[in-house]
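Okay, data_26.txt now, which holds compact mmCIF, C-alpha atoms:
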```
# COMPACT_ATOMS: atom_id res chain seq x y z
CA MET D 1 -87.76 -9.18 -99.30
CA ILE D 2 -85.25 -11.72 -98.03
CA ALA D 3 -81.75 -12.18 -99.48
CA ALA D 4 -81.40 -15.21 -101.77
CA PRO D 5 -78.45 -16.85 -99.88
CA LEU D 6 -80.34 -16.61 -96.57
CA LEU D 7 -83.48 -18.00 -98.21
CA LEU D 8 -81.45 -20.88 -99.68
CA LEU D 9 -79.89 -21.62 -96.29
CA LEU D 10 -83.23 -21.52 -94.44
CA ALA D 11 -84.90 -23.77 -97.01
CA ALA D 12 -82.04 -26.29 -96.96
CA ALA D 13 -81.87 -26.43 -93.16
CA THR D 14 -85.63 -26.79 -92.62
CA ALA D 15 -85.97 -29.36 -95.42
CA ALA D 16 -83.12 -31.41 -93.90
CA VAL D 17 -84.75 -31.38 -90.46
CA GLY D 18 -88.17 -31.93 -92.02
CA THR D 19 -87.02 -34.95 -94.02
CA LEU D 20 -85.11 -36.45 -91.09
CA GLY D 21 -88.20 -36.36 -88.87
CA GLY D 22 -90.85 -36.71 -91.59
CA LEU D 23 -92.20 -33.28 -90.64
CA GLY D 24 -92.08 -31.79 -94.12
CA GLY D 25 -90.48 -28.63 -92.76
CA ALA D 26 -93.05 -25.97 -93.69
CA VAL D 27 -94.09 -25.72 -90.05
CA ILE D 28 -90.55 -24.46 -89.31
CA LEU D 29 -89.81 -22.56 -92.52
CA VAL D 30 -93.04 -20.53 -92.70
CA PRO D 31 -92.67 -18.91 -89.22
CA ALA D 32 -88.97 -18.32 -89.95
CA LEU D 33 -89.79 -16.54 -93.22
CA VAL D 34 -92.40 -14.39 -91.46
CA VAL D 35 -89.81 -13.46 -88.83
CA PHE D 36 -87.51 -12.32 -91.68
CA GLY D 37 -90.24 -10.09 -93.09
CA VAL D 38 -91.92 -12.25 -95.75
CA GLU D 39 -95.70 -11.73 -96.00
CA PRO D 40 -97.52 -14.74 -94.44
CA SER D 41 -99.65 -15.14 -97.59
CA LEU D 42 -96.43 -15.55 -99.64
CA ALA D 43 -94.55 -17.56 -96.99
CA ALA D 44 -97.04 -20.47 -96.99
CA PRO D 45 -96.55 -21.35 -100.70
CA LEU D 46 -92.78 -21.04 -100.28
CA GLY D 47 -92.97 -23.44 -97.32
CA LEU D 48 -94.89 -25.96 -99.41
CA LEU D 49 -92.41 -25.66 -102.29
CA SER D 50 -89.64 -26.53 -99.84
CA VAL D 51 -91.64 -29.54 -98.58
CA ALA D 52 -92.33 -30.80 -102.11
CA ALA D 53 -88.68 -30.40 -103.13
CA GLY D 54 -87.35 -32.04 -99.96
CA ALA D 55 -89.72 -35.00 -100.35
CA LEU D 56 -88.72 -35.45 -104.00
CA ALA D 57 -85.01 -35.42 -103.14
CA ALA D 58 -85.38 -37.83 -100.21
CA ALA D 59 -87.60 -40.37 -101.99
CA PRO D 60 -84.98 -42.38 -103.96
CA ALA D 61 -82.86 -43.07 -100.85
CA GLN D 62 -85.91 -43.90 -98.73
CA LEU D 63 -87.26 -46.26 -101.41
CA ARG D 64 -83.87 -47.95 -101.80
CA LEU D 65 -83.85 -48.71 -98.07
CA GLY D 66 -87.44 -50.03 -98.15
CA GLN D 67 -88.54 -47.46 -95.55
CA VAL D 68 -91.58 -46.05 -97.36
CA HIS D 69 -94.82 -47.97 -96.71
CA HIS D 70 -96.89 -46.86 -99.71
CA ARG D 71 -100.03 -48.78 -98.71
CA LEU D 72 -100.03 -47.25 -95.24
CA GLY D 73 -99.28 -43.79 -96.64
CA VAL D 74 -102.03 -43.93 -99.27
CA THR D 75 -104.58 -45.27 -96.74
CA LEU D 76 -103.82 -42.58 -94.17
CA GLU D 77 -103.60 -39.80 -96.74
CA ILE D 78 -107.25 -40.28 -97.73
CA ALA D 79 -108.28 -39.21 -94.21
CA ALA D 80 -105.72 -36.39 -94.16
CA SER D 81 -106.70 -35.04 -97.59
CA ALA D 82 -110.42 -35.19 -96.80
CA GLY D 83 -109.78 -33.26 -93.57
CA ALA D 84 -107.61 -30.75 -95.42
CA VAL D 85 -110.25 -30.09 -98.09
CA VAL D 86 -113.01 -29.48 -95.51
CA ALA D 87 -110.74 -27.28 -93.40
CA ALA D 88 -109.51 -25.25 -96.39
CA ILE D 89 -113.11 -24.43 -97.26
CA ALA D 90 -113.80 -23.32 -93.66
CA SER D 91 -110.41 -21.68 -93.10
CA ASP D 92 -111.67 -18.09 -93.18
CA ARG D 93 -113.83 -18.75 -90.08
CA VAL D 94 -110.89 -19.64 -87.81
CA GLY D 95 -108.84 -16.93 -86.12
CA ALA D 96 -105.07 -16.85 -86.68
CA ASP D 97 -104.29 -16.84 -82.93
CA ALA D 98 -106.54 -19.83 -82.22
CA LEU D 99 -104.93 -21.72 -85.07
CA ARG D 100 -101.43 -20.89 -83.84
CA LEU D 101 -102.31 -22.19 -80.36
CA VAL D 102 -103.76 -25.41 -81.80
CA LEU D 103 -100.56 -25.92 -83.82
CA ALA D 104 -98.39 -25.22 -80.77
CA GLY D 105 -100.42 -27.58 -78.56
CA THR D 106 -100.24 -30.35 -81.14
CA ALA D 107 -96.48 -29.94 -81.59
CA ALA D 108 -95.98 -29.93 -77.80
CA LEU D 109 -98.03 -33.12 -77.46
CA GLY D 110 -95.90 -34.84 -80.11
CA ALA D 111 -92.73 -33.67 -78.35
CA VAL D 112 -93.88 -34.98 -74.97
CA ALA D 113 -94.83 -38.35 -76.51
CA GLY D 114 -91.42 -38.61 -78.19
CA PHE D 115 -89.47 -37.68 -75.04
CA ALA D 116 -91.60 -39.83 -72.72
CA ARG D 117 -91.09 -43.15 -74.46
CA LYS D 118 -88.01 -45.09 -73.44
CA GLY D 119 -86.53 -47.95 -75.41
CA VAL D 120 -87.43 -49.25 -78.87
CA ARG D 121 -90.77 -51.00 -79.53
CA ASN D 122 -89.84 -52.84 -82.73
CA LEU D 123 -86.75 -55.00 -82.30
CA PRO D 124 -84.77 -57.09 -84.81
CA GLN D 125 -85.88 -60.74 -84.96
CA ALA D 126 -83.59 -63.55 -86.01
CA ALA D 127 -86.48 -65.40 -87.71
CA PHE D 128 -86.73 -62.52 -90.19
CA ALA D 129 -83.00 -62.42 -90.97
CA GLY D 130 -83.55 -63.29 -94.65
CA GLU D 131 -86.49 -60.94 -95.04
CA ILE D 132 -86.32 -58.19 -97.64
CA ALA D 133 -86.79 -54.67 -96.33
CA GLY D 134 -90.06 -53.17 -97.52
CA GLU D 135 -93.82 -53.42 -97.20
CA TRP D 136 -95.67 -56.73 -97.36
CA PRO D 137 -98.19 -56.86 -100.25
CA GLY D 138 -101.84 -56.62 -99.24
CA THR D 139 -101.11 -55.62 -95.63
CA LEU D 140 -100.13 -52.67 -93.45
CA GLY D 141 -97.07 -54.56 -92.22
CA GLY D 142 -93.54 -54.93 -93.42
CA ALA D 143 -89.91 -55.09 -92.42
CA TYR D 144 -87.06 -52.63 -92.40
CA LEU D 145 -83.34 -52.94 -91.91
CA GLY D 146 -82.59 -51.57 -88.43
CA PRO D 147 -79.25 -51.20 -86.65
CA GLY D 148 -79.30 -54.77 -85.30
CA GLY D 149 -80.90 -56.61 -88.20
CA VAL D 150 -84.27 -56.94 -89.94
CA VAL D 151 -87.13 -55.48 -87.91
CA PRO D 152 -90.67 -56.70 -88.70
CA TYR D 153 -93.58 -54.41 -87.88
CA ARG D 154 -97.31 -54.08 -88.37
CA ALA D 155 -99.37 -50.90 -88.12
CA ARG D 156 -101.86 -51.15 -85.25
CA ARG D 157 -104.90 -49.10 -84.19
CA LEU D 158 -105.88 -48.08 -87.70
CA VAL D 159 -109.06 -46.24 -86.67
CA PRO D 160 -107.39 -43.94 -84.09
CA GLY D 161 -104.57 -43.48 -86.62
CA LEU D 162 -107.07 -42.39 -89.28
CA GLY D 163 -108.60 -40.00 -86.72
CA ALA D 164 -105.18 -38.45 -86.10
CA MET D 165 -104.71 -38.06 -89.86
CA VAL D 166 -108.03 -36.21 -90.13
CA VAL D 167 -106.70 -33.84 -87.44
CA ALA D 168 -103.43 -33.49 -89.37
CA GLY D 169 -105.39 -32.74 -92.54
CA VAL D 170 -107.60 -30.18 -90.80
CA VAL D 171 -104.53 -28.43 -89.37
CA ALA D 172 -102.87 -28.53 -92.80
CA GLY D 173 -105.97 -27.13 -94.51
CA LEU D 174 -106.31 -24.33 -91.96
CA SER D 175 -102.67 -23.31 -91.79
CA GLY D 176 -101.12 -24.14 -95.17
CA VAL D 177 -98.46 -26.47 -93.72
CA GLY D 178 -98.13 -30.15 -94.71
CA GLY D 179 -99.17 -31.65 -91.37
CA GLY D 180 -96.16 -33.98 -91.20
CA PHE D 181 -95.41 -32.82 -87.66
CA ILE D 182 -98.66 -34.57 -86.61
CA LYS D 183 -98.50 -37.52 -89.02
CA THR D 184 -95.09 -38.87 -87.99
CA PRO D 185 -95.71 -38.87 -84.20
CA ALA D 186 -99.21 -40.30 -84.79
CA MET D 187 -97.87 -43.16 -86.92
CA SER D 188 -95.06 -43.83 -84.47
CA GLU D 189 -96.82 -43.38 -81.12
CA ILE D 190 -100.44 -44.39 -81.92
CA MET D 191 -99.93 -46.98 -84.67
CA HIS D 192 -96.56 -48.32 -83.40
CA VAL D 193 -94.89 -47.98 -86.78
CA PRO D 194 -91.06 -47.72 -86.44
CA VAL D 195 -90.04 -44.06 -86.40
CA LYS D 196 -87.84 -44.32 -89.52
CA VAL D 197 -90.66 -45.94 -91.52
CA ALA D 198 -93.13 -43.39 -90.10
CA ALA D 199 -90.84 -40.50 -91.10
CA ALA D 200 -90.24 -41.83 -94.63
CA THR D 201 -93.94 -42.64 -95.15
CA SER D 202 -94.93 -39.23 -93.80
CA THR D 203 -92.48 -37.58 -96.22
CA PHE D 204 -94.29 -39.40 -99.05
CA THR D 205 -97.74 -38.28 -97.81
CA VAL D 206 -96.78 -34.62 -97.25
CA SER D 207 -95.59 -34.51 -100.86
CA ILE D 208 -99.20 -35.32 -101.90
CA THR D 209 -100.65 -32.73 -99.51
CA SER D 210 -98.22 -30.07 -100.70
CA ALA D 211 -98.90 -30.87 -104.37
CA THR D 212 -102.64 -30.34 -103.83
CA ALA D 213 -102.10 -27.11 -101.92
CA LEU D 214 -99.56 -25.79 -104.46
CA LEU D 215 -102.12 -26.34 -107.19
CA VAL D 216 -104.48 -24.07 -105.27
CA PHE D 217 -101.82 -21.43 -104.54
CA ALA D 218 -100.71 -21.42 -108.19
CA GLY D 219 -104.34 -20.88 -109.25
CA GLN D 220 -104.54 -17.92 -106.85
CA GLY D 221 -101.28 -16.46 -108.21
CA ARG D 222 -99.64 -16.56 -104.75
CA ILE D 223 -96.33 -18.19 -105.74
CA GLU D 224 -93.40 -15.77 -106.10
CA MET D 225 -91.45 -17.54 -108.84
CA ARG D 226 -87.86 -16.37 -108.28
CA ASP D 227 -87.97 -16.85 -104.50
CA GLY D 228 -89.70 -20.16 -105.19
CA ALA D 229 -86.79 -21.32 -107.37
CA VAL D 230 -84.31 -20.50 -104.57
CA VAL D 231 -86.45 -22.34 -102.01
CA VAL D 232 -86.75 -25.38 -104.29
CA LEU D 233 -82.97 -25.60 -104.75
CA GLY D 234 -82.53 -25.34 -100.97
CA GLY D 235 -85.28 -27.89 -100.38
CA LEU D 236 -83.68 -30.39 -102.78
CA LEU D 237 -80.33 -30.02 -101.03
CA GLY D 238 -81.93 -30.36 -97.60
CA GLY D 239 -83.92 -33.40 -98.70
CA VAL D 240 -80.77 -35.27 -99.75
CA VAL D 241 -79.01 -34.37 -96.49
CA GLY D 242 -82.04 -35.29 -94.35
CA ALA D 243 -82.45 -38.69 -96.04
CA ARG D 244 -78.76 -39.43 -95.53
CA LEU D 245 -78.99 -38.50 -91.84
CA GLN D 246 -82.10 -40.66 -91.49
CA GLU D 247 -80.13 -43.57 -92.95
CA VAL D 248 -77.16 -43.34 -90.56
CA LEU D 249 -78.76 -42.24 -87.28
CA PRO D 250 -80.24 -44.86 -84.92
CA PRO D 251 -84.07 -44.81 -84.48
CA SER D 252 -83.88 -43.59 -80.87
CA THR D 253 -81.79 -40.58 -81.99
CA VAL D 254 -84.24 -39.82 -84.80
CA ARG D 255 -87.13 -39.99 -82.30
CA ARG D 256 -85.37 -37.68 -79.84
CA ALA D 257 -84.39 -35.25 -82.62
CA LEU D 258 -88.01 -35.25 -83.80
CA ALA D 259 -89.25 -34.54 -80.25
CA MET D 260 -86.73 -31.72 -79.85
CA VAL D 261 -87.74 -30.08 -83.14
CA LEU D 262 -91.42 -30.35 -82.19
CA ALA D 263 -90.68 -28.69 -78.84
CA VAL D 264 -88.87 -25.84 -80.63
CA VAL D 265 -91.77 -25.48 -83.08
CA ALA D 266 -94.24 -25.27 -80.18
CA VAL D 267 -92.17 -22.57 -78.44
CA VAL D 268 -91.70 -20.56 -81.68
CA LEU D 269 -95.44 -20.69 -82.37
CA VAL D 270 -96.32 -19.46 -78.86
CA VAL D 271 -93.56 -16.83 -78.58
CA GLY D 272 -94.15 -15.57 -82.11
CA ARG D 273 -97.70 -14.40 -81.30
CA MET G 274 -70.00 -69.11 -109.48
CA THR G 275 -71.01 -66.65 -106.85
CA GLY G 276 -69.21 -66.03 -103.59
CA PRO G 277 -70.60 -66.53 -100.10
CA GLY G 278 -73.26 -64.15 -98.86
CA PRO G 279 -76.99 -63.69 -99.03
CA PRO G 280 -78.88 -65.10 -102.03
CA PRO G 281 -79.85 -62.71 -104.83
CA ASN G 282 -82.76 -60.54 -103.82
CA PRO G 283 -85.61 -61.34 -106.25
CA LEU G 284 -87.41 -58.12 -105.37
CA SER G 285 -84.43 -55.75 -105.43
CA ASP G 286 -85.51 -54.24 -108.75
CA ARG G 287 -89.19 -53.98 -107.82
CA GLN G 288 -89.19 -50.18 -107.59
CA ARG G 289 -86.33 -49.49 -110.01
CA TRP G 290 -88.50 -47.55 -112.45
CA LEU G 291 -90.07 -45.50 -109.69
CA VAL G 292 -86.65 -44.57 -108.30
CA LEU G 293 -85.32 -43.73 -111.77
CA SER G 294 -88.39 -41.61 -112.53
CA LEU G 295 -88.05 -39.72 -109.25
CA ARG G 296 -84.36 -39.08 -109.94
CA ALA G 297 -85.25 -37.80 -113.42
CA ALA G 298 -87.91 -35.52 -111.91
CA MET G 299 -85.33 -34.21 -109.44
CA VAL G 300 -82.83 -33.41 -112.21
CA LEU G 301 -85.57 -31.70 -114.22
CA THR G 302 -86.59 -29.66 -111.16
CA ILE G 303 -82.99 -28.56 -110.56
CA ALA G 304 -82.63 -27.56 -114.23
CA CYS G 305 -85.91 -25.61 -114.20
CA ALA G 306 -85.11 -23.88 -110.88
CA GLY G 307 -81.63 -22.96 -112.11
CA ALA G 308 -83.03 -21.61 -115.38
CA ALA G 309 -85.69 -19.64 -113.50
CA LEU G 310 -82.94 -17.87 -111.58
CA VAL G 311 -80.48 -17.32 -114.43
CA VAL G 312 -82.57 -16.83 -117.57
CA PRO G 313 -84.29 -13.41 -117.74
CA GLY G 314 -87.75 -12.62 -119.09
CA ARG G 315 -90.46 -14.98 -120.22
CA ALA G 316 -88.14 -17.94 -120.68
CA GLY G 317 -87.18 -17.73 -116.99
CA ASP G 318 -90.84 -17.48 -115.99
CA ALA G 319 -91.64 -20.51 -118.14
CA ALA G 320 -88.87 -22.45 -116.42
CA ALA G 321 -90.32 -21.54 -113.01
CA VAL G 322 -93.76 -22.72 -114.11
CA GLY G 323 -92.16 -25.95 -115.36
CA MET G 324 -90.51 -26.41 -111.96
CA ILE G 325 -93.86 -26.14 -110.18
CA VAL G 326 -95.55 -28.45 -112.67
CA VAL G 327 -92.91 -31.14 -112.02
CA LEU G 328 -93.20 -30.75 -108.23
CA VAL G 329 -97.01 -30.99 -108.33
CA ALA G 330 -97.27 -33.76 -110.92
CA THR G 331 -94.64 -36.11 -109.47
CA PRO G 332 -96.45 -37.24 -106.27
CA ILE G 333 -99.79 -37.46 -108.09
CA ALA G 334 -98.18 -39.59 -110.82
CA ARG G 335 -96.56 -41.72 -108.12
CA VAL G 336 -99.94 -42.55 -106.56
CA ALA G 337 -101.38 -43.28 -110.03
CA TRP G 338 -98.42 -45.57 -110.73
CA LEU G 339 -99.03 -47.37 -107.41
CA ALA G 340 -102.74 -47.80 -108.21
CA ILE G 341 -101.97 -49.36 -111.61
CA ARG G 342 -99.28 -51.59 -110.09
CA TRP G 343 -101.53 -52.84 -107.30
CA PHE G 344 -104.43 -53.54 -109.68
CA ARG G 345 -102.10 -55.46 -112.03
CA ARG G 346 -100.80 -57.58 -109.16
CA GLY G 347 -104.26 -58.38 -107.80
CA ASP G 348 -103.97 -56.18 -104.72
CA LEU G 349 -107.43 -54.79 -105.47
CA ARG G 350 -108.15 -53.41 -102.00
CA PHE G 351 -105.19 -51.05 -102.00
CA GLY G 352 -105.68 -50.32 -105.72
CA PHE G 353 -109.11 -48.92 -104.89
CA VAL G 354 -107.67 -47.07 -101.87
CA ALA G 355 -105.15 -45.35 -104.20
CA LEU G 356 -107.95 -44.49 -106.65
CA ALA G 357 -110.00 -43.06 -103.78
CA LEU G 358 -107.05 -40.89 -102.76
CA LEU G 359 -106.66 -39.58 -106.31
CA SER G 360 -110.39 -38.78 -106.33
CA VAL G 361 -110.17 -36.90 -103.00
CA VAL G 362 -107.12 -34.92 -104.19
CA GLY G 363 -108.82 -34.13 -107.53
CA ALA G 364 -112.06 -33.08 -105.85
CA GLY G 365 -110.15 -30.94 -103.36
CA ALA G 366 -108.22 -29.17 -106.10
CA LEU G 367 -111.42 -28.54 -108.10
CA LEU G 368 -113.26 -27.20 -105.03
CA ALA G 369 -110.39 -24.94 -104.03
CA LEU G 370 -109.87 -23.56 -107.53
```
I'd like the structure from this file rewritten - as structure tokens, please.
Amino acid sequence: MIAAPLLLLLAAATAAVGTLGGLGGAVILVPALVVFGVEPSLAAPLGLLSVAAGALAAAPAQLRLGQVHHRLGVTLEIAASAGAVVAAIASDRVGADALRLVLAGTAALGAVAGFARKGVRNLPQAAFAGEIAGEWPGTLGGAYLGPGGVVPYRARRLVPGLGAMVVAGVVAGLSGVGGGFIKTPAMSEIMHVPVKVAAATSTFTVSITSATALLVFAGQGRIEMRDGAVVVLGGLLGGVVGARLQEVLPPSTVRRALAMVLAVVAVVLVVGR
Amino acid sequence: MTGPGPPPNPLSDRQRWLVLSLRAAMVLTIACAGAALVVPGRAGDAAAVGMIVVLVATPIARVAWLAIRWFRRGDLRFGFVALALLSVVGAGALLAL
């Protein structure tokens, strides 16, 4: 068992980082819980509770800032959920070590992509100065309020993006994490969605993934209720903090922070074997 | 008279109900989680179950709300996309259970 204050602290910290980068946070919290002696079969549901709580807490601030692109999130989540369902059914045929290496490789790839890119793709445009931050109806484009003004954007390369979401869903279905650590870099680096919008949209989509998975875990009786309540309180706190950090930090800092967290995740997954 | 500055934003209230609902769900989750920790016995267990129900139902309800909203506003393509997502999530939950 793990002490409640430590559990609260871990959940809050991972949810804050997860919300800031749109990672969800289960990919950090679950290995951490296992390190502290929690059974892996119990750690996965706790990780998802933290993700669901963090996403719920972050949503009002992200909506107020017009950073969540619901149409993009819903479109991509179909591919991710379909991948997750197929993978969950086949999950008993994949070895734990192979899965851990796939997760580590994917996280490392996202980290390299985040570190490698210099500069900001989507820049403020004076012509859009009066534009309202948010998604544009009927499209996968929109505008958000960046540091220098209103930044218009449009999601590109939808088909490769959907492919990446299938991969994210498969990884989520196999491992019990939300897959946000693949979704955010894929949206940002493949589809050229601004990193803050990608992170907020990914936070919305991982809440759907975690809700589906929690339904399954609850049916299997794998949720430890008292620990779950502590994790949820920590996740809510972390979600508020993460959304606030996302609001004040510049996009380049968010991207670098995301890349750094992904690098740490990759190392933890490899070293923790 | 209004002072200088940007004109009133006609869409500023467009997601007011969604934001309010999410805030209400958050408060309910905090109350249930707190009760699950403090209240002993079956009442505490019931509060924990309530907490999980809120966390699971909120994102699903959000997608359903989006689907209805998009259909009402004539954004049929994304309305059907949201319905398809709800179907995939429902089928996945049924298969897994």
Subject >> Residue neighbourhood region 287-293 of chain G, 9 Å, only C-alpha atoms, exclusion window fewer than 3 positions, as a PyMOL selection string >> reply: (chain D and resi 59-61+63-64) or (chain G and resi 283-284+296-298+335+338)
**OP:** Counting all atoms listed in the file, collect the residues of chain D whose closest atom lies at most 9 Å from chain G, and write them out as a ChimeraX atom specification.
**Re:** /D:49,52-53,56-57,59-61,63-64,70-71,74-75,77-79,81-82,84-86,88-89,130,132,137-139,204-205,207-220,225-230,232-233,236
**OP:** Mind checking which residues fall within 9 Å of Arg255 (chain D), counting all atoms listed in the file, ignoring those fewer than 5 positions away in the same chain, and posting them as a list in words?
**Re:**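 In the requested format, the answer is Gly21, Gly114, Phe115, Pro185, Val195, Lys196, Pro250 and Met260 of chain D.
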Grab the residues selected above and save them as a PDB file, in the frame of the given file with C-alpha atoms.
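out_21.pdb, freshly written:
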```pdb
ATOM      1  CA  GLY D  21     -88.200 -36.360 -88.870  1.00  0.00           C
ATOM      2  CA  GLY D 114     -91.420 -38.610 -78.190  1.00  0.00           C
ATOM      3  CA  PHE D 115     -89.470 -37.680 -75.040  1.00  0.00           C
ATOM      4  CA  PRO D 185     -95.710 -38.870 -84.200  1.00  0.00           C
ATOM      5  CA  VAL D 195     -90.040 -44.060 -86.400  1.00  0.00           C
ATOM      6  CA  LYS D 196     -87.840 -44.320 -89.520  1.00  0.00           C
ATOM      7  CA  PRO D 250     -80.240 -44.860 -84.920  1.00  0.00           C
ATOM      8  CA  MET D 260     -86.730 -31.720 -79.850  1.00  0.00           C
TER       9      MET D 260
END
```
**OP:** Tell me which of D:Gly221, D:Gly37, D:Leu109, D:Leu76 sits closest to Pro160 (chain D), counting only C-alpha atoms.
**Re:**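 Looking only at the distances to Pro160 (chain D), the closest residue turns out to be D:Leu76.
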Subject >> Separation of CA of Gly235 (chain D) from CA of Ala155 (chain D), in Å and rounded to one decimal >> reply: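 Those two atoms sit 29.6 Å apart.
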